[in-house]
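Have a look at the structure below, then the notes.
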Amino acid sequence: MQSSRAGRRRLPGSVGDALIGLATIAVLLALWEIAVQAGALNDYYFPPPSKLARSLVTLTTTGFPRGVTVFSHIGATLMRILLGYALATVIAIPLGLVIGSNDRLYQAVNPIIIFARSVATISLLPLAVAWFGVGEISRVFLIAYGCSWIILTNTIHGVRVVDPRLLRAAEVLGTSRRDMFYRVVLPASLPRIFAGMKVALGLAFLVIVAVEMIGTVEGLGALIMEARTFYRTDTTIVGMVIISLFGFLLSKFLDRAERALLPWAAGLEEVER
Amino acid sequence: MKTSAFGRNLWLSWIGVIALVVVWQVIVALQVINPRIFPGPIQVLETALTRVPVDELFGHLRASLLRVASGFALGAVLGITVGIATGWYRRLGKVVWAPLELLRPIPPLAWIPLALIWFGLGEESKVFIIFLSAFFPIVTNTYKGMIQTDPVLLRAAQTLGLDGLRLLARVAVPAALPDIATGLRIGWSLSFGSLVAAEILAAREGLGFLVMRGREIGEVGLIVYAIILIGILNLVTDHLFYEFVLKRRLRWHFSS
């Protein structure tokens, strides 16, 4: 607690801390390996790191199931996320801009939006299957559904909380309605829209892994579920590590993109989830 | 933060909801889409009342709530404890957070296969998934709240003679409370999302089970009914949490 700076600090992230972290993980992995070799841990329930390394090699060369390598799994998952996410963005942002700039419309549809957002996306899976069958359309639909509400609420909120001083200043300067929208309201609400898109991408990732567990052999969710069906705990765990890495890179990428595209968005903490 | 569902113009909000239900019924009545896979509101209500009698419904609600509450409680207790301990003892924090950071990006539902391997199809694997959904947001937010405590507050308290665990209990933890509350709220809504997925996998009662039964007997009305119930339950519990915990207890932070 001996910070020289007053106020809020960033999460720690210096080189020394990283070394301590890596050392901890290395020690844990070594203990795990030893515990299994000594027979203290069952190697079906807790396959040791050496076995995990071997199954990672198999996964990248021959694949699991045979012929489907880890790269095709990642590609399939990424493709579904991108399709559903793009669909959600295209639908929700324009809709949100319209609803956000019309007070009466907002009042009328808000309860519906709040309700729809509270419905867990996964619970719609059987409904999607009844409508679209057990195919790609169902998966993309569920991602689009889940993401849409988050992007929609954040877009609406972004438009509605634009600083009134900005609006009045623009009005005094004689800005036309068109310019008012494109040059004042839109740029001012973009940080929040982007924040919503970030949360939505996280949700897309969460939803797709679960949805892939049913009716397909391609995709990261399918990989870990199939491996479990064939009693390959090692492959399940390797799949989870890949999912973890994938999720981590995804969020890092979005942070970078946000800083590059919207430098004025720094410090926005409130996001509608 | 979420705004209240029904704002100033109460009648406008109701008109929106009523209009939606009417449009829904009209679309079904026009028979554009096969009503077997797209049932109208009246049909949904009929199916609901014949398939799920009221007393049975309470059984399902209780089963779901019990599951989500036990998983959430486990996640909250462990998450807050670990968050406070690692935020206070910095050395411990560096060691514990390395593996946690590795596990954190894994979506809770991606643990389902491993949960099935470890615990089988029973109640434990469902509670485990819900526990994970609650644990990670709670531990992350608690830790963040702890390490972002204004050092001036701590030094002021130290000057006034507080130290050790008393400094922790009287100053550091109260200062982190708003973040802990945020974590709890996110954890609750994620727990809810996972609940249904866990129940869809295998369960004999609960709302997710109702969704699945609707699918098995090919009764889409039942699926829609169960989905609406899940939404309402989530909305009501979140609202109660916001009103009674955040607004009452943490008035000083969540003022508006």
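To be explicit about the labels: the chains of the structure tokens are called A, B, and onward in the order shown, and within each one the residues are counted from 1, while ligands get numbers from 1 in the order they are shown.
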Problem set entry | Shell around stretch 49-63 of chain B at 9 Å using only C-alpha atoms, local window under 4 positions removed, as a list in words |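 Counting only C-alpha atoms, the residues come to Val44, Leu45, Arg67, Val68, Glu205, Gly206, Leu207, Gly208, Phe209, Leu210, Leu222, Leu229 and Leu233 of chain B.
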Export C-alpha atoms of the chosen residues as a PDB file, in the first residue's frame?
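What follows is the written file again_5.pdb:
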```
ATOM      1  CA  VAL B  44     -48.440 -20.254 -25.022  1.00  0.00           C
ATOM      2  CA  LEU B  45     -50.618 -19.530 -22.007  1.00  0.00           C
ATOM      3  CA  ARG B  67     -29.246 -24.239  -7.464  1.00  0.00           C
ATOM      4  CA  VAL B  68     -28.354 -20.721  -8.464  1.00  0.00           C
ATOM      5  CA  GLU B 205     -36.668 -30.255 -12.476  1.00  0.00           C
ATOM      6  CA  GLY B 206     -35.993 -26.560 -12.883  1.00  0.00           C
ATOM      7  CA  LEU B 207     -36.705 -23.957 -15.552  1.00  0.00           C
ATOM      8  CA  GLY B 208     -34.000 -25.217 -17.893  1.00  0.00           C
ATOM      9  CA  PHE B 209     -35.574 -28.654 -17.584  1.00  0.00           C
ATOM     10  CA  LEU B 210     -38.931 -27.169 -18.685  1.00  0.00           C
ATOM     11  CA  LEU B 222     -43.803 -24.696 -23.418  1.00  0.00           C
ATOM     12  CA  LEU B 229     -40.270 -17.290 -16.821  1.00  0.00           C
ATOM     13  CA  LEU B 233     -37.044 -14.414 -12.568  1.00  0.00           C
TER      14      LEU B 233
END
```
Problem set entry | chain B contacts to chain A at 7 Å (only C-alpha atoms) as a PyMOL selection string | chain B and resi 1-2+5-7+9+12-13+15-17+37+94-95+98-99+102-103+105-107+109-110+113+117-118+148+150-152+193+196-197+208+215+223+227+230-231+234-235
For this session: Using atom CA of B:Thr47 and atom CA of B:Val220 as the two end points, give the distance in Å to one decimal.
Result: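 These atoms are spaced 9.1 Å apart.
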Exercise. Between B:Leu160, B:Leu100, B:Leu201, B:Leu153, which one has atoms that come closest to B:Phe136, using only C-alpha atoms?
Worked result: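 Checking each of B:Leu160, B:Leu100, B:Leu201, B:Leu153 against B:Phe136, counting only C-alpha atoms, the winner is B:Leu100.
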For this session: Can you work out the spacing between atom CA of A:Ala53 and atom CA of B:Phe119 in Å, to one decimal?
Result: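 The value is 24.5 Å.
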For this session: Skip B:Leu168 itself and residues of its chain fewer than 4 positions away, then list as an MDAnalysis selection string all residues within 12 Å of it, counting only C-alpha atoms.
Result: (chainID A and resid 1) or (chainID B and resid 84:85 87:89 146:147 149 153:154 157:158 162:164 172:176)
Mind writing the picked residues with N, CA and C atoms as a short mmCIF file (atom, residue, chain, number, x, y, z; two decimals), in the first residue's frame?
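The resulting file, result-v5.cif, is reproduced below:
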```
data_model
loop_
_atom_site.label_atom_id
_atom_site.label_comp_id
_atom_site.auth_asym_id
_atom_site.auth_seq_id
_atom_site.Cartn_x
_atom_site.Cartn_y
_atom_site.Cartn_z
N MET A 1 0.82 -1.21 0.00
CA MET A 1 0.00 0.00 0.00
C MET A 1 0.85 1.26 0.00
N ILE B 84 -10.13 -10.21 -1.03
CA ILE B 84 -9.64 -9.36 0.07
C ILE B 84 -8.24 -9.80 0.50
N ALA B 85 -8.05 -11.11 0.65
CA ALA B 85 -6.74 -11.61 1.11
C ALA B 85 -5.64 -11.24 0.12
N GLY B 87 -5.70 -8.89 -2.11
CA GLY B 87 -5.57 -7.45 -2.26
C GLY B 87 -4.82 -6.83 -1.09
N TRP B 88 -4.91 -7.50 0.07
CA TRP B 88 -4.29 -6.94 1.27
C TRP B 88 -2.84 -7.39 1.40
N TYR B 89 -2.62 -8.73 1.25
CA TYR B 89 -1.25 -9.24 1.30
C TYR B 89 -0.72 -9.31 -0.12
N MET B 146 -9.84 -3.54 -3.79
CA MET B 146 -8.85 -3.51 -2.71
C MET B 146 -7.58 -2.77 -3.13
N ILE B 147 -7.06 -3.09 -4.33
CA ILE B 147 -5.78 -2.48 -4.68
C ILE B 147 -5.94 -1.04 -5.16
N THR B 149 -7.76 1.14 -3.54
CA THR B 149 -8.11 1.97 -2.39
C THR B 149 -7.21 3.20 -2.37
N LEU B 153 -6.46 7.60 2.20
CA LEU B 153 -7.38 7.09 3.22
C LEU B 153 -6.63 6.20 4.21
N LEU B 154 -5.82 5.29 3.64
CA LEU B 154 -5.11 4.35 4.49
C LEU B 154 -4.11 5.06 5.38
N ALA B 157 -5.80 6.92 8.18
CA ALA B 157 -6.23 6.01 9.25
C ALA B 157 -5.04 5.53 10.08
N GLN B 158 -3.91 5.31 9.37
CA GLN B 158 -2.70 4.88 10.09
C GLN B 158 -2.23 5.96 11.05
N LEU B 162 -4.80 3.37 13.54
CA LEU B 162 -5.29 2.06 13.13
C LEU B 162 -4.18 1.31 12.42
N ASP B 163 -4.04 0.01 12.69
CA ASP B 163 -3.11 -0.75 11.88
C ASP B 163 -3.51 -2.22 11.82
N GLY B 164 -2.80 -2.96 10.99
CA GLY B 164 -3.04 -4.39 10.87
C GLY B 164 -4.46 -4.71 10.44
N ALA B 172 -10.01 -0.45 4.64
CA ALA B 172 -9.77 -1.00 3.30
C ALA B 172 -11.00 -1.73 2.76
N VAL B 173 -11.61 -2.59 3.58
CA VAL B 173 -12.76 -3.34 3.08
C VAL B 173 -13.96 -2.43 2.81
N PRO B 174 -14.32 -1.52 3.73
CA PRO B 174 -15.43 -0.61 3.40
C PRO B 174 -15.16 0.19 2.12
N ALA B 175 -13.90 0.59 1.90
CA ALA B 175 -13.60 1.35 0.69
C ALA B 175 -13.78 0.52 -0.56
N ALA B 176 -13.62 -0.81 -0.42
CA ALA B 176 -13.76 -1.68 -1.59
C ALA B 176 -15.20 -2.13 -1.80
#
```
Problem set entry | Atom-to-atom span, atom CA of A:Val184 and atom CA of A:Arg168, Å | 10.6 Å
